[in-house]
$ cat structure.txt   # compact mmCIF, C-alpha atoms
# COMPACT_ATOMS: atom_id res chain seq x y z
CA MET Z 140 -65.31 -15.51 -21.03
CA ALA Z 141 -62.60 -12.93 -21.34
CA PRO Z 142 -59.01 -14.15 -21.83
CA TYR Z 143 -57.14 -14.75 -18.60
CA GLU Z 144 -54.39 -12.45 -17.52
CA SER Z 145 -51.39 -14.79 -17.47
CA ASP Z 146 -47.77 -14.92 -16.51
CA ASP Z 147 -44.95 -14.46 -18.95
CA ALA Z 148 -43.94 -18.12 -18.74
CA VAL Z 149 -41.18 -17.98 -21.32
CA GLY Z 150 -38.21 -18.69 -19.09
CA ALA Z 151 -40.01 -21.21 -16.94
CA ALA Z 152 -41.37 -23.01 -19.99
CA ARG Z 153 -37.89 -23.39 -21.36
CA ASP Z 154 -36.64 -24.79 -18.05
CA GLU Z 155 -39.53 -27.24 -17.85
CA GLN Z 156 -38.86 -28.51 -21.35
CA THR Z 157 -35.18 -29.02 -20.48
CA ARG Z 158 -36.01 -30.97 -17.32
CA SER Z 159 -38.52 -33.26 -18.95
CA GLY Z 160 -36.15 -35.59 -20.76
CA ARG Z 161 -38.75 -38.25 -21.35
CA ARG Z 162 -40.55 -36.13 -23.90
CA ARG Z 163 -39.34 -36.75 -27.42
CA ALA Z 164 -40.48 -33.46 -28.91
CA ALA Z 165 -38.50 -31.77 -31.64
CA ARG Z 166 -38.63 -28.08 -32.36
CA TYR Z 167 -41.80 -27.00 -34.07
CA ALA Z 168 -40.81 -27.40 -37.68
CA VAL Z 169 -41.99 -24.59 -39.91
CA PRO Z 170 -39.53 -23.74 -42.65
CA VAL Z 171 -38.11 -26.18 -45.18
CA ALA Z 172 -40.08 -29.11 -43.85
CA VAL Z 173 -43.40 -27.25 -43.51
CA VAL Z 174 -45.09 -29.72 -45.80
CA GLY Z 175 -43.47 -32.51 -43.82
CA VAL Z 176 -45.00 -30.92 -40.74
CA ALA Z 177 -48.42 -30.96 -42.31
CA ALA Z 178 -48.04 -34.52 -43.56
CA ALA Z 179 -46.10 -36.16 -40.76
CA THR Z 180 -46.82 -34.18 -37.66
CA ILE Z 181 -50.51 -33.59 -37.90
CA GLY Z 182 -51.12 -37.30 -38.22
CA LEU Z 183 -52.70 -37.66 -34.79
CA VAL Z 184 -53.03 -34.02 -33.81
CA PRO Z 185 -56.49 -32.93 -32.64
CA ALA Z 186 -58.74 -29.89 -32.98
CA LEU Z 187 -62.09 -28.46 -34.04
CA ALA Z 188 -65.62 -28.64 -32.65
CA ASP Z 189 -65.49 -25.57 -30.40
CA SER Z 190 -68.89 -24.84 -28.88
CA GLY Z 191 -69.09 -22.56 -25.87
CA ASP Z 192 -66.69 -21.37 -23.21
CA PRO Z 193 -66.81 -23.49 -20.03
CA ASP Z 194 -66.29 -21.83 -16.66
CA LEU Z 195 -63.03 -23.34 -15.40
CA PRO Z 196 -60.73 -22.35 -12.51
CA LYS Z 197 -58.12 -19.79 -13.46
CA ILE Z 198 -54.74 -21.14 -14.47
CA THR Z 199 -51.47 -19.48 -15.41
CA ALA Z 200 -49.52 -20.25 -18.58
CA GLN Z 201 -46.84 -21.98 -16.52
CA GLN Z 202 -49.40 -24.12 -14.72
CA LEU Z 203 -50.97 -25.11 -18.03
CA ILE Z 204 -47.58 -25.98 -19.50
CA ASP Z 205 -46.91 -28.11 -16.40
CA LYS Z 206 -50.26 -29.81 -16.89
CA ILE Z 207 -49.34 -30.73 -20.48
CA ALA Z 208 -45.92 -31.98 -19.34
CA LYS Z 209 -47.43 -34.25 -16.68
CA SER Z 210 -50.13 -35.63 -18.97
CA ASP Z 211 -49.63 -39.33 -19.67
CA VAL Z 212 -52.60 -40.49 -21.73
CA GLN Z 213 -51.79 -44.00 -22.95
CA ARG Z 214 -55.17 -45.10 -24.32
CA LEU Z 215 -57.57 -43.33 -26.61
CA SER Z 216 -59.71 -43.64 -29.69
CA GLY Z 217 -61.52 -41.07 -31.76
CA THR Z 218 -62.09 -39.24 -34.99
CA VAL Z 219 -59.83 -36.45 -36.15
CA LYS Z 220 -60.58 -33.84 -38.80
CA ILE Z 221 -57.60 -32.16 -40.41
CA SER Z 222 -57.63 -29.10 -42.67
CA THR Z 223 -54.40 -27.86 -44.22
CA ASP Z 224 -54.11 -24.69 -46.30
CA LEU Z 225 -50.50 -23.90 -47.20
CA GLY Z 226 -51.55 -21.65 -50.06
CA LEU Z 227 -49.77 -23.71 -52.70
CA PRO Z 228 -50.45 -22.58 -56.27
CA ASP Z 229 -53.42 -24.19 -58.01
CA LEU Z 230 -51.92 -26.48 -60.63
CA GLY Z 231 -54.89 -28.72 -61.14
CA GLY Z 232 -53.81 -31.23 -58.51
CA LEU Z 233 -50.11 -31.16 -59.39
CA GLU Z 234 -49.45 -29.06 -56.31
CA SER Z 235 -50.18 -32.03 -54.03
CA GLY Z 236 -47.68 -34.14 -55.91
CA ILE Z 237 -45.05 -31.41 -55.62
CA ALA Z 238 -45.69 -31.16 -51.89
CA SER Z 239 -45.45 -34.92 -51.48
CA GLY Z 240 -42.16 -34.99 -53.31
CA MET Z 241 -40.81 -32.35 -50.92
CA THR Z 242 -41.53 -34.45 -47.87
CA GLN Z 243 -40.91 -38.09 -48.59
CA GLY Z 244 -37.86 -40.17 -49.05
CA SER Z 245 -37.64 -43.06 -51.47
CA GLY Z 246 -40.73 -45.13 -50.85
CA SER Z 247 -41.26 -48.77 -51.71
CA GLY Z 248 -43.49 -47.91 -54.67
CA SER Z 249 -46.43 -49.70 -53.04
CA ALA Z 250 -49.80 -47.95 -52.89
CA ALA Z 251 -49.80 -48.93 -49.20
CA ASP Z 252 -46.48 -47.23 -48.36
CA PRO Z 253 -47.17 -44.62 -45.64
CA ARG Z 254 -44.22 -42.57 -46.88
CA SER Z 255 -46.32 -41.60 -49.85
CA ARG Z 256 -49.88 -42.03 -48.61
CA LEU Z 257 -49.67 -39.85 -45.50
CA THR Z 258 -48.43 -36.93 -47.60
CA GLU Z 259 -52.00 -36.59 -48.85
CA LEU Z 260 -52.57 -34.64 -45.63
CA VAL Z 261 -50.57 -31.68 -46.95
CA SER Z 262 -53.64 -30.08 -48.52
CA GLY Z 263 -57.40 -30.10 -48.22
CA THR Z 264 -59.57 -31.58 -45.51
CA HIS Z 265 -59.31 -35.18 -44.33
CA THR Z 266 -60.93 -37.40 -41.73
CA LEU Z 267 -58.90 -39.87 -39.68
CA ARG Z 268 -59.75 -42.52 -37.17
CA VAL Z 269 -57.08 -42.95 -34.50
CA ALA Z 270 -56.55 -45.39 -31.65
CA ALA Z 271 -53.77 -46.08 -29.16
CA ASP Z 272 -53.13 -48.57 -26.38
CA GLY Z 273 -49.75 -47.73 -24.93
CA PRO Z 274 -46.47 -47.41 -26.84
CA ASP Z 275 -46.81 -50.78 -28.60
CA ARG Z 276 -50.18 -50.43 -30.27
CA GLN Z 277 -51.46 -47.61 -32.46
CA LYS Z 278 -53.67 -47.35 -35.50
CA LEU Z 279 -54.36 -44.50 -37.90
CA SER Z 280 -56.91 -44.79 -40.70
CA LEU Z 281 -57.38 -42.26 -43.48
CA LEU Z 282 -61.00 -42.43 -44.59
CA GLU Z 283 -61.70 -41.98 -48.28
CA GLN Z 284 -64.78 -42.28 -50.43
CA GLY Z 285 -65.49 -45.99 -50.68
CA ALA Z 286 -62.01 -46.92 -49.39
CA GLU Z 287 -59.72 -46.72 -46.39
CA TYR Z 288 -56.00 -46.52 -45.84
CA SER Z 289 -54.60 -47.70 -42.49
CA VAL Z 290 -51.29 -47.84 -40.66
CA ILE Z 291 -51.32 -50.40 -37.82
CA HIS Z 292 -48.62 -50.87 -35.19
CA ASP Z 293 -49.07 -54.03 -33.12
CA GLY Z 294 -46.03 -55.04 -31.08
CA LYS Z 295 -43.05 -55.49 -33.36
CA ASP Z 296 -45.11 -55.31 -36.57
CA VAL Z 297 -46.02 -52.21 -38.56
CA TRP Z 298 -48.52 -52.67 -41.39
CA GLY Z 299 -49.76 -50.31 -44.08
CA TYR Z 300 -52.94 -51.35 -45.93
CA ASP Z 301 -54.68 -49.73 -48.89
CA SER Z 302 -58.13 -51.27 -49.34
CA LYS Z 303 -58.63 -49.73 -52.77
CA SER Z 304 -55.62 -51.45 -54.37
CA ASN Z 305 -55.50 -54.38 -51.90
CA GLN Z 306 -51.81 -53.68 -51.31
CA VAL Z 307 -49.94 -54.12 -48.02
CA THR Z 308 -46.57 -53.02 -46.68
CA HIS Z 309 -44.91 -54.64 -43.67
CA GLY Z 310 -42.04 -53.57 -41.48
CA THR Z 311 -40.67 -53.97 -37.97
CA ALA Z 312 -41.08 -51.33 -35.29
CA PRO Z 313 -37.89 -49.98 -33.70
CA ALA Z 314 -36.93 -51.51 -30.36
CA GLY Z 315 -36.34 -49.81 -27.03
CA LYS Z 316 -37.49 -46.36 -26.03
CA ASP Z 317 -38.29 -45.37 -29.62
CA ARG Z 318 -40.56 -48.36 -30.20
CA ARG Z 319 -43.59 -46.17 -30.88
CA ALA Z 320 -44.27 -46.49 -34.59
CA GLU Z 321 -46.96 -43.90 -35.22
CA PRO Z 322 -46.16 -40.67 -37.11
CA PRO Z 323 -44.08 -38.37 -34.89
CA ALA Z 324 -47.01 -36.44 -33.47
CA THR Z 325 -49.58 -37.71 -31.06
CA PRO Z 326 -51.66 -34.85 -29.64
CA LYS Z 327 -49.16 -34.43 -26.81
CA ASP Z 328 -46.14 -34.78 -29.10
CA PHE Z 329 -47.34 -32.00 -31.35
CA ALA Z 330 -47.96 -29.63 -28.46
CA ASP Z 331 -44.50 -30.47 -27.11
CA GLN Z 332 -43.03 -29.55 -30.48
CA ALA Z 333 -44.68 -26.16 -30.31
CA LEU Z 334 -43.62 -25.63 -26.70
CA LYS Z 335 -40.04 -26.49 -27.60
CA ALA Z 336 -40.03 -23.28 -29.61
CA VAL Z 337 -40.64 -21.23 -26.46
CA ASP Z 338 -37.74 -18.91 -25.60
CA ASP Z 339 -37.15 -15.21 -25.18
CA THR Z 340 -38.47 -14.59 -28.70
CA THR Z 341 -41.86 -16.04 -27.74
CA SER Z 342 -44.95 -14.94 -25.80
CA VAL Z 343 -47.00 -17.61 -24.00
CA THR Z 344 -50.43 -16.84 -22.52
CA VAL Z 345 -53.66 -18.52 -21.46
CA ASP Z 346 -56.40 -17.27 -23.79
CA GLY Z 347 -59.62 -18.42 -22.15
CA THR Z 348 -61.44 -21.72 -22.42
CA ALA Z 349 -63.23 -23.79 -25.05
CA GLN Z 350 -65.18 -27.00 -25.60
CA VAL Z 351 -63.51 -29.49 -27.92
CA ALA Z 352 -65.16 -32.81 -28.82
CA GLY Z 353 -67.50 -32.32 -25.87
CA ARG Z 354 -64.68 -31.82 -23.35
CA ASP Z 355 -63.76 -28.71 -21.36
CA ALA Z 356 -60.39 -27.26 -22.32
CA TYR Z 357 -58.04 -24.37 -21.63
CA LYS Z 358 -56.59 -22.46 -24.57
CA LEU Z 359 -52.83 -21.89 -24.64
CA GLN Z 360 -51.55 -19.31 -27.12
CA ILE Z 361 -47.96 -19.13 -28.40
CA LYS Z 362 -46.98 -16.04 -30.40
CA PRO Z 363 -43.65 -14.84 -31.80
CA ARG Z 364 -42.38 -11.58 -30.34
CA GLN Z 365 -40.23 -10.95 -33.43
CA SER Z 366 -41.27 -9.06 -36.53
CA GLY Z 367 -40.38 -10.47 -39.91
CA THR Z 368 -41.84 -13.94 -39.32
CA THR Z 369 -44.87 -15.26 -41.21
CA VAL Z 370 -46.13 -17.15 -38.15
CA GLY Z 371 -49.06 -15.40 -36.51
CA ALA Z 372 -49.99 -17.63 -33.58
CA ILE Z 373 -50.17 -21.22 -32.40
CA ASN Z 374 -53.23 -22.11 -30.34
CA ILE Z 375 -53.52 -25.34 -28.36
CA ALA Z 376 -56.68 -26.43 -26.58
CA VAL Z 377 -55.71 -28.53 -23.56
CA ASP Z 378 -58.11 -30.99 -21.94
CA ALA Z 379 -58.86 -29.60 -18.48
CA ARG Z 380 -59.01 -33.05 -16.89
CA THR Z 381 -56.19 -35.05 -18.50
CA GLY Z 382 -53.89 -32.27 -19.72
CA MET Z 383 -53.86 -33.80 -23.20
CA PRO Z 384 -53.97 -31.32 -26.10
CA LEU Z 385 -57.29 -31.57 -27.93
CA LYS Z 386 -56.83 -28.87 -30.50
CA PHE Z 387 -53.99 -27.42 -32.56
CA THR Z 388 -54.30 -24.41 -34.85
CA LEU Z 389 -51.50 -22.57 -36.64
CA THR Z 390 -52.47 -19.23 -38.18
CA PRO Z 391 -50.24 -17.08 -40.40
CA LYS Z 392 -49.50 -13.43 -39.66
CA SER Z 393 -51.21 -12.52 -42.94
CA GLY Z 394 -54.54 -13.65 -41.48
CA GLY Z 395 -57.26 -15.70 -43.09
CA ALA Z 396 -57.81 -19.41 -42.68
CA ALA Z 397 -55.47 -21.44 -40.49
CA VAL Z 398 -52.51 -23.11 -42.18
CA VAL Z 399 -53.13 -26.17 -40.01
CA ASP Z 400 -56.40 -26.75 -38.18
CA ALA Z 401 -56.59 -30.28 -36.88
CA GLY Z 402 -58.47 -31.98 -34.13
CA PHE Z 403 -60.76 -34.44 -32.50
CA THR Z 404 -64.44 -34.26 -33.35
CA GLU Z 405 -64.95 -37.13 -30.91
CA VAL Z 406 -62.63 -38.81 -28.42
CA SER Z 407 -62.71 -41.52 -25.77
CA PHE Z 408 -60.03 -42.41 -23.22
CA ALA Z 409 -61.32 -45.94 -22.71
CA ARG Z 410 -59.05 -48.82 -23.70
CA PRO Z 411 -59.66 -49.83 -27.34
CA ALA Z 412 -60.43 -53.47 -28.07
CA ALA Z 413 -57.36 -55.61 -28.82
CA SER Z 414 -58.90 -56.49 -32.17
CA THR Z 415 -58.47 -52.85 -33.23
CA PHE Z 416 -54.74 -53.47 -33.72
CA ALA Z 417 -54.87 -56.98 -35.13
CA PHE Z 418 -54.10 -57.27 -38.84
CA THR Z 419 -53.72 -60.13 -41.30
CA PRO Z 420 -53.17 -59.37 -45.00
CA PRO Z 421 -56.38 -60.09 -46.94
CA LYS Z 422 -56.41 -62.98 -49.36
CA GLY Z 423 -54.83 -62.03 -52.66
CA ALA Z 424 -53.21 -58.87 -51.30
CA LYS Z 425 -49.79 -57.88 -52.64
CA VAL Z 426 -47.43 -57.63 -49.65
CA THR Z 427 -44.25 -55.54 -49.84
CA GLU Z 428 -41.60 -55.91 -47.14
CA GLN Z 429 -40.02 -52.56 -46.36
CA LYS Z 430 -36.23 -52.66 -46.53
CA ASP Z 431 -33.48 -50.06 -46.55
CA ALA Z 432 -30.71 -49.84 -49.13
CA GLN Z 433 -28.64 -52.48 -47.27
CA GLY Z 434 -31.51 -54.94 -47.29
CA LYS Z 435 -32.11 -54.59 -43.56
CA ALA Z 436 -35.38 -53.63 -42.01
CA ALA Z 437 -35.75 -49.85 -42.14
CA GLU Z 438 -35.22 -48.10 -38.84
CA LYS Z 439 -38.78 -46.83 -38.75
CA PRO Z 440 -40.58 -48.77 -41.45
CA GLY Z 441 -43.95 -47.48 -42.45
CA PHE Z 442 -43.19 -43.81 -41.99
CA GLY Z 443 -41.21 -41.35 -44.07
CA LYS Z 444 -38.25 -39.39 -42.80
CA GLY Z 445 -39.29 -35.90 -43.84
CA MET Z 446 -38.75 -34.53 -40.36
CA GLU Z 447 -35.14 -35.48 -39.76
CA GLY Z 448 -32.95 -32.69 -38.46
CA MET Z 449 -30.36 -30.85 -40.51
CA GLU Z 450 -26.95 -31.96 -39.38
CA GLY Z 451 -24.92 -29.17 -37.85
CA MET Z 452 -27.88 -26.78 -37.86
CA GLU Z 453 -29.31 -27.20 -34.39
CA GLY Z 454 -30.44 -24.17 -32.44
CA ALA Z 455 -32.88 -22.62 -34.87
CA LYS Z 456 -36.63 -23.14 -34.85
CA GLY Z 457 -38.21 -25.09 -37.62
CA LEU Z 458 -35.06 -26.02 -39.49
CA GLU Z 459 -35.59 -29.73 -39.08
CA GLY Z 460 -36.28 -31.72 -42.20
CA THR Z 461 -33.33 -30.57 -44.30
CA LYS Z 462 -30.87 -33.37 -43.69
CA GLY Z 463 -28.77 -34.12 -46.73
CA LEU Z 464 -28.37 -30.53 -47.89
CA SER Z 465 -24.61 -29.97 -47.83
CA GLY Z 466 -23.06 -26.76 -46.58
CA GLY Z 467 -26.18 -25.68 -44.71
CA THR Z 468 -26.04 -22.92 -42.12
CA VAL Z 469 -28.54 -20.95 -40.07
CA LEU Z 470 -28.84 -17.17 -40.18
CA GLY Z 471 -30.54 -15.31 -37.34
CA LYS Z 472 -32.38 -16.82 -34.36
CA GLY Z 473 -35.80 -17.79 -33.15
CA TRP Z 474 -38.82 -17.40 -35.38
CA THR Z 475 -36.90 -15.36 -37.96
CA SER Z 476 -34.10 -17.90 -38.44
CA ILE Z 477 -33.29 -18.71 -42.08
CA ALA Z 478 -31.72 -21.89 -43.43
CA THR Z 479 -29.32 -21.38 -46.30
CA PHE Z 480 -27.46 -23.89 -48.45
CA ASP Z 481 -25.81 -24.17 -51.83
CA THR Z 482 -27.39 -26.42 -54.45
CA GLY Z 483 -24.32 -26.21 -56.66
CA ALA Z 484 -26.59 -25.44 -59.62
CA LYS Z 485 -25.24 -22.34 -61.29
CA GLY Z 486 -27.14 -20.29 -63.82
CA GLY Z 487 -30.52 -20.07 -62.14
CA LEU Z 488 -33.56 -22.29 -62.57
CA PRO Z 489 -33.33 -25.38 -64.80
CA THR Z 490 -34.22 -25.08 -68.46
CA GLY Z 491 -35.87 -27.86 -70.42
CA ALA Z 492 -35.58 -28.70 -74.09
CA LYS Z 493 -36.53 -26.22 -76.78
CA GLY Z 494 -40.24 -25.57 -76.60
CA GLY Z 495 -40.35 -26.78 -73.00
CA ASP Z 496 -38.71 -24.16 -70.83
CA LEU Z 497 -38.88 -25.76 -67.39
CA GLY Z 498 -37.13 -22.78 -65.83
CA GLY Z 499 -39.70 -20.43 -67.32
CA PHE Z 500 -42.55 -22.54 -65.94
CA VAL Z 501 -41.04 -22.87 -62.48
CA GLY Z 502 -40.07 -19.21 -62.48
CA SER Z 503 -43.64 -18.20 -63.29
CA LEU Z 504 -44.70 -19.65 -59.94
CA GLY Z 505 -42.44 -17.24 -58.05
CA ASP Z 506 -41.57 -13.55 -57.89
CA PRO Z 507 -38.32 -12.23 -59.40
CA VAL Z 508 -36.09 -10.30 -56.99
CA SER Z 509 -32.65 -8.72 -57.14
CA GLY Z 510 -30.07 -7.23 -54.79
CA LYS Z 511 -26.40 -7.34 -53.91
CA PHE Z 512 -26.59 -11.10 -54.36
CA GLY Z 513 -27.63 -10.68 -58.00
CA LYS Z 514 -30.94 -12.03 -59.23
CA GLY Z 515 -33.23 -14.73 -57.96
CA THR Z 516 -36.79 -15.97 -57.51
CA VAL Z 517 -38.89 -16.11 -54.35
CA PHE Z 518 -41.38 -18.96 -53.97
CA SER Z 519 -44.03 -18.55 -51.32
CA THR Z 520 -46.66 -20.40 -49.35
CA ARG Z 521 -48.79 -18.83 -46.64
CA LEU Z 522 -46.16 -19.86 -44.10
CA VAL Z 523 -42.81 -20.53 -45.76
CA ASN Z 524 -40.87 -18.45 -48.28
CA ALA Z 525 -37.82 -19.61 -50.21
CA LEU Z 526 -35.36 -17.58 -52.28
CA ILE Z 527 -33.35 -19.33 -54.99
CA THR Z 528 -30.61 -17.15 -56.42
CA ASP Z 529 -29.19 -17.42 -59.92
CA ASP Z 530 -25.91 -18.70 -58.48
CA GLY Z 531 -27.61 -21.69 -56.85
CA LYS Z 532 -27.96 -20.45 -53.27
CA VAL Z 533 -31.18 -21.15 -51.36
CA TYR Z 534 -32.57 -19.18 -48.41
CA VAL Z 535 -35.70 -20.53 -46.72
CA GLY Z 536 -37.68 -19.84 -43.58
CA ALA Z 537 -41.01 -18.87 -42.04
CA VAL Z 538 -40.11 -15.27 -42.80
CA THR Z 539 -41.15 -12.54 -45.21
CA LYS Z 540 -39.77 -12.13 -48.71
CA ASP Z 541 -37.98 -8.95 -47.63
CA ALA Z 542 -36.24 -10.87 -44.82
CA LEU Z 543 -34.92 -13.42 -47.33
CA VAL Z 544 -33.60 -10.72 -49.66
CA LYS Z 545 -31.95 -8.96 -46.70
CA ALA Z 546 -30.30 -12.21 -45.63
CA ALA Z 547 -29.04 -12.92 -49.15
CA ASN Z 548 -27.61 -9.41 -49.42
CA ALA Z 549 -25.88 -9.71 -46.04
CA ALA Z 550 -24.29 -13.01 -47.10
CA LYS Z 551 -22.45 -11.37 -50.01
$ encode --input "structure.txt" --output "structure tokens"
Amino acid sequence: MAPYESDDAVGAARDEQTRSGRRRAARYAVPVAVVGVAAATIGLVPALADSGDPDLPKITAQQLIDKIAKSDVQRLSGTVKISTDLGLPDLGGLESGIASGMTQGSGSGSAADPRSRLTELVSGTHTLRVAADGPDRQKLSLLEQGAEYSVIHDGKDVWGYDSKSNQVTHGTAPAGKDRRAEPPATPKDFADQALKAVDDTTSVTVDGTAQVAGRDAYKLQIKPRQSGTTVGAINIAVDARTGMPLKFTLTPKSGGAAVVDAGFTEVSFARPAASTFAFTPPKGAKVTEQKDAQGKAAEKPGFGKGMEGMEGMEGAKGLEGTKGLSGGTVLGKGWTSIATFDTGAKGGLPTGAKGGDLGGFVGSLGDPVSGKFGKGTVFSTRLVNALITDDGKVYVGAVTKDALVKAANAAK
């Protein structure tokens, strides 16, 4: 089936997102917290298993956005396959550790702490089992060879369990409207995050139909209108019956494999059994209570905080996840916005002891650049580039290397 001719729904999409206050979506986070996006936001996001193009009634982009907004799926269970390819350098497995360190806060040290375990999703292909029964019960299980890691939210309790080490973490779910304790991206949440990025720098179209996990779906495509961004397109397959997103794919402008390709290989909207969410620590398990620095229950125990917004830096896409970086500002707008901050570290990259030049090693992973700002090094993934100058300034965004250099020159 040929792609549908569709309306330019940019303005209307923005209005719809403003009106729908009940949705808790944040801007689609691509720059600094890109790894956090992969680890935290793809947790329950679906995709994959396309097979054929069903013949569905025509629908405009605005109508499809409305359908997503009105979707209210409360119960589901299924299997999700997630593939993430950020293009991190091959360091013999060290790259996953580096990515994890970029996204997590201080964990409890337990092998069952989701703040460290869920960051495994930043690279490679993983299989998850997911289930939900309203806002008070969710379960996510990461399947491994001969083992399983699960996060279970049942009422006020949030449990993390690693079967391999027989370790458990326990916390209390937040009360009130934010009582949902799953990672901040159910299928609908993740689509909402992408739709939040829709403005006059964005094109939104309906791009035909697909079959996902045996269900008929429409395909919504979101593309930047701006040049200079590394984002190629975001594609969301939306269940034709329920309006729930069943597929999410983010492709870079450079082409090749998707940066994030995640989705249901099977799904059911029947109510899961209550026993799905029941959990009692196994005999002999080491149980760690999750506490914050003041000894109180953490606000959202069981999940890291890699997606928190940068204070004072609202209004630019994808700049969430950089809270705590002092002096941060945003340059530009839309998909080409760049976050910049001062590390306070003068003299370039760090240098280790004699015979162990850390700066030389780190520098070898990037490309040297120079300009009015002086000298620096650009570090790249397939989606995010970051420039660190010799005077300690950092420029980062889902933009090209040339865009970072231009921004650094303009800041002088």
$ atom_distance --input "structure.txt" --atom1 "atom CA of Lys551 of chain Z" --atom2 "atom CA of Arg364 of chain Z"
28.0 Å
$ closest_residue --input "structure.txt" --among "Z:Gln201, Z:Thr475, Z:Thr419, Z:Thr539" --to "Leu359 of chain Z" --atoms "only C-alpha atoms"
Z:Gln201
$ residues_around --input "structure.txt" --residues "segment 369-379 of chain Z" --least-positions-apart "6" --cutoff "7 Å" --atoms "all atoms listed in the file" --output "PyMOL selection string"
chain Z and resi 354-362+385-392+522+537-539
$ atom_distance --input "structure.txt" --atom1 "atom CA of Thr479 of chain Z" --atom2 "atom CA of Ala549 of chain Z"
12.2 Å
$ residues_around --input "structure.txt" --residues "Ala550 of chain Z" --least-positions-apart "5" --cutoff "10 Å" --atoms "all atoms listed in the file" --output "PyMOL selection string"
chain Z and resi 470+479+511-512+544-545
$ atom_distance --input "structure.txt" --atom1 "atom CA of Ala312 of chain Z" --atom2 "atom CA of Lys220 of chain Z"
26.4 Å
$ closest_residue --input "structure.txt" --among "Z:Ser262, Z:Gln332, Z:Thr520, Z:Thr341" --to "Pro384 of chain Z" --atoms "all atoms listed in the file"
Z:Gln332
$ closest_residue --input "structure.txt" --among "Z:Gly347, Z:Gly483, Z:Gly515, Z:Gly505" --to "Ile198 of chain Z" --atoms "all atoms listed in the file"
Z:Gly347
$ residues_around --input "structure.txt" --residues "segment 530-534 of chain Z" --least-positions-apart "3" --cutoff "10 Å" --atoms "all atoms listed in the file" --output "PyMOL selection string"
chain Z and resi 171+467-470+477-488+512-517+524-527+542-544+546-547
$ residues_around --input "structure.txt" --residues "Lys425 of chain Z" --least-positions-apart "5" --cutoff "10 Å" --atoms "all atoms listed in the file" --output "compact mmCIF listing (two decimals) with C-alpha atoms, keeping the file's coordinate frame"
# COMPACT_ATOMS: atom_id res chain seq x y z
CA SER Z 249 -46.43 -49.70 -53.04
CA ALA Z 250 -49.80 -47.95 -52.89
CA ALA Z 251 -49.80 -48.93 -49.20
CA TYR Z 300 -52.94 -51.35 -45.93
CA SER Z 304 -55.62 -51.45 -54.37
CA ASN Z 305 -55.50 -54.38 -51.90
CA GLN Z 306 -51.81 -53.68 -51.31
CA VAL Z 307 -49.94 -54.12 -48.02
CA THR Z 308 -46.57 -53.02 -46.68
CA PRO Z 420 -53.17 -59.37 -45.00
